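**Q** Questions regarding the structure given below will be posed in turn.
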Amino acid sequence: MTDKRVVFDFEFEFTNGGGIQGQDFRLDIDGDDIDDAALVDYIVRDLRLLMVGPTRILNKKIIVEPHKRKAQSDGARRAYVELSHVIEDGLVTYPGLPAARICDYLSRERSREVYAPGTEFQIAKIEMVANTGTYLDCPSHRYEHGHDLSQIGPEAFCDLEGIVIRADHRQVRAIDASWFRERELRRRAVLVHTGWDAYWREDAYAVEHPFLTEDAAHYLRDCGVKLVGIDSMNIDDTRGRSRPVHSVLLGADILIVEHLCNLRALPDEGFEFSAMPPKVRGAGTFPVRAMARLR
């Protein structure tokens, strides 16, 4: 692929006075174009600028020219990997629970009757159970007096050091403690990659899914993990009526994320995991936007 570079001038003002300018600045780019906001972010990061105020990118053009930097040399660049399913109208995540309903509360057409000409808005109405899409369980989901979503601090589910445990569903369904031995687990988000997300929205997703065993839950608890996630229909074996993994982990204030996806795109280590729910009082489960930030 032909190397592309962007050539541009820039003018930055600082919020505490003064400014900085650059002429004929050149930068390697990965594609055929780059927007002004991305250029500003790059310059601020690369020059380690502080107190940056209004910015202007001028005389920008794309040229064909060999790259000057190796892509891997930019240690400040990070990539995000999406790990959550899309919530859409009609989605049933757990058999027997109602489907999500997403519609207009205020449509764009009706909003034209409310606002000035040329101004329109859409306000959506969403009706769903908390166990929809990719969601997080906290202690009150299982225990009456456990902490609910409003009582869990962001440090419990944001920017956690992550590790992926590969337990292919074609090889194992009952994932016991042996899968977690000889790994660095303490204070980490432990994500179990089974590949079961390939059946998402199919009838097979709810049948004979992979799960953790009770001894795995005890081992993870004793190792001091922060959070456990899985790309399966449930972290417990749903063929019976007991839920020992939920009981052990949530009883120890270890959060659970179920219905993850795309774990195959992650390295085994070297990333931070986040799965942030809204701050809801009286709820122990809610959908999250789960993601990993690669280093």
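The chains in the structure tokens are called A, B, ... from first to last as shown; in each chain the residues are counted from 1, and the ligands are counted from 1 in the order shown.
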DSSP on the backbone: which residues in stretch 54-158 of chain A end up as strand (DSSP E or B)? Give the answer as a VMD selection string.
**A** chain A and resid 54 to 64 79 to 82 84 101 to 106 123 to 127 135 to 137
**Q** Output the selection as a PDB file, in the first residue's frame - C-alpha atoms for each residue.
**A**
ATOM      1  CA  PRO A  54      -8.676  27.121  20.673  1.00  0.00           C
ATOM      2  CA  THR A  55      -6.884  25.341  17.819  1.00  0.00           C
ATOM      3  CA  ARG A  56      -6.757  25.759  14.042  1.00  0.00           C
ATOM      4  CA  ILE A  57      -5.487  23.389  11.367  1.00  0.00           C
ATOM      5  CA  LEU A  58      -4.647  25.249   8.135  1.00  0.00           C
ATOM      6  CA  ASN A  59      -3.601  24.417   4.565  1.00  0.00           C
ATOM      7  CA  LYS A  60      -3.983  20.672   5.058  1.00  0.00           C
ATOM      8  CA  LYS A  61      -3.142  18.382   2.150  1.00  0.00           C
ATOM      9  CA  ILE A  62      -2.400  14.699   1.702  1.00  0.00           C
ATOM     10  CA  ILE A  63       0.757  13.671  -0.131  1.00  0.00           C
ATOM     11  CA  VAL A  64       2.355  10.408  -1.221  1.00  0.00           C
ATOM     12  CA  ALA A  79      -6.513   0.863  20.413  1.00  0.00           C
ATOM     13  CA  TYR A  80      -9.943   0.017  21.799  1.00  0.00           C
ATOM     14  CA  VAL A  81     -11.663  -3.326  21.257  1.00  0.00           C
ATOM     15  CA  GLU A  82     -15.464  -3.483  21.553  1.00  0.00           C
ATOM     16  CA  SER A  84     -20.334  -5.793  24.048  1.00  0.00           C
ATOM     17  CA  ARG A 101     -38.536  -2.419  23.008  1.00  0.00           C
ATOM     18  CA  ILE A 102     -36.976   0.680  21.452  1.00  0.00           C
ATOM     19  CA  CYS A 103     -39.197   3.265  19.801  1.00  0.00           C
ATOM     20  CA  ASP A 104     -39.783   7.002  19.526  1.00  0.00           C
ATOM     21  CA  TYR A 105     -41.150   8.889  22.485  1.00  0.00           C
ATOM     22  CA  LEU A 106     -40.782  12.041  20.407  1.00  0.00           C
ATOM     23  CA  ILE A 123     -36.175  11.225  21.979  1.00  0.00           C
ATOM     24  CA  ALA A 124     -36.149   7.440  22.228  1.00  0.00           C
ATOM     25  CA  LYS A 125     -38.212   5.335  24.592  1.00  0.00           C
ATOM     26  CA  ILE A 126     -36.550   2.127  25.772  1.00  0.00           C
ATOM     27  CA  GLU A 127     -38.249  -0.656  27.696  1.00  0.00           C
ATOM     28  CA  TYR A 135     -24.530  -6.714  31.368  1.00  0.00           C
ATOM     29  CA  LEU A 136     -22.833  -6.458  34.717  1.00  0.00           C
ATOM     30  CA  ASP A 137     -23.984  -8.180  37.925  1.00  0.00           C
TER      31      ASP A 137
END
**Q** Which of stretch 20-250 of chain A end up as alpha helix (DSSP H) when DSSP is run on this backbone - answer as a VMD selection string?
**A** chain A and resid 36 to 46 108 to 111 214 to 222 244 to 250
**Q** I'd like the neighbourhood of A:Asp159 as a ChimeraX atom specification, where a residue qualifies if any of its atoms comes within 10 Å (using only C-alpha atoms), though same-chain residues fewer than 3 positions away should be ignored.
**A** /A:154-156,162,188-189,271-276,291-293
**Q** So that I can check the surroundings of A:Ile29, please list as a PyMOL selection string every protein, DNA and RNA residue that reaches within 8 Å of it, counting only C-alpha atoms and ignoring chain neighbours fewer than 4 positions away.
**A** chain A and resi 3-6+33-34
**Q** Generate a file of the selected residues that holds N, CA and C atoms, formatted as a compact mmCIF listing (two decimals), in the first residue's frame.
**A**
# COMPACT_ATOMS: atom_id res chain seq x y z
N ASP A 3 2.40 4.70 0.90
CA ASP A 3 2.43 5.49 2.13
C ASP A 3 1.83 6.87 1.88
N LYS A 4 1.04 7.33 2.84
CA LYS A 4 0.46 8.67 2.77
C LYS A 4 0.91 9.47 3.98
N ARG A 5 1.12 10.78 3.75
CA ARG A 5 1.45 11.71 4.83
C ARG A 5 0.56 12.93 4.69
N VAL A 6 0.32 13.59 5.78
CA VAL A 6 -0.45 14.83 5.76
C VAL A 6 0.50 15.99 6.05
N ASP A 33 -6.80 9.74 4.60
CA ASP A 33 -7.15 11.06 5.11
C ASP A 33 -7.15 11.02 6.63
N ILE A 34 -7.19 12.20 7.26
CA ILE A 34 -7.27 12.31 8.71
C ILE A 34 -7.98 13.61 9.01
**Q** What's the 8 Å shell around A:Gly53, counting only C-alpha atoms, without same-chain residues fewer than 6 positions away, as a PyMOL selection string?
**A** chain A and resi 12-15
**Q** Take the residues just selected and output them with C-alpha atoms as a JSON list (two decimals), in the first residue's frame.
**A**
[["chain", "number", "residue", "atom", "x", "y", "z"],
["A", 12, "PHE", "CA", -2.74, 26.72, 19.01],
["A", 13, "GLU", "CA", -3.69, 29.15, 21.74],
["A", 14, "PHE", "CA", -3.13, 28.37, 25.42],
["A", 15, "THR", "CA", -5.77, 29.00, 28.04]]
**Q** Distance atom CA of A:Leu160-atom CA of A:Arg281, one decimal place?
**A**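 Taking atom CA of A:Leu160 and atom CA of A:Arg281, their separation equals 23.4 Å.
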**Q** Can you tell me, as a list in words, what residues are no more than 12 Å from A:Asp41 when counting only C-alpha atoms, ignoring any on the same chain fewer than 4 positions away?
**A**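 So, after excluding close chain neighbours, the residues are Phe12, Ile34, Asp35, Asp36, Ala37, Arg45, Asp46, Leu47, Arg48, Leu49, Leu50, Val52, Thr55, Arg56, Ile57, Ala76 and Arg77 of chain A.
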**Q** Expressed in Å to a single decimal, how great is the separation between atom CA of A:Gly22 and atom CA of A:Met51?
**A**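 Computed distance, atom CA of A:Gly22 to atom CA of A:Met51, equals 17.3 Å.
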**Q** Near A:Thr119, counting only C-alpha atoms, which residues have an atom at most 12 Å away, once you skip same-chain residues fewer than 4 positions from it, shown as a list of chain:residue names?
**A**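 My reading of the contact set: A:Arg108, A:Glu109, A:Arg110, A:Ser111, A:Arg112, A:Glu113, A:Val114, A:Tyr115.
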**Q** Counting only C-alpha atoms, which of A:Val248, A:Val190, A:Ala198, A:Val44 gets nearest to A:Val228?
**A**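 Checking each candidate against A:Val228, we get A:Val190 as the closest.
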**Q** Have a look at A:Ala252, A:Ala216, A:Leu191, A:Leu27 and name the one nearest to A:Leu266; count only C-alpha atoms.
**A**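 Using only C-alpha atoms, the shortest distance to A:Leu266 belongs to A:Leu191.
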**Q** For a quick check of understanding, using only C-alpha atoms, which of A:Ile175, A:Val288, A:Val7, A:Ala265 has the smallest distance to A:Phe211?
**A**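 Of A:Ile175, A:Val288, A:Val7, A:Ala265, the one nearest A:Phe211 is A:Ile175, counting only C-alpha atoms.
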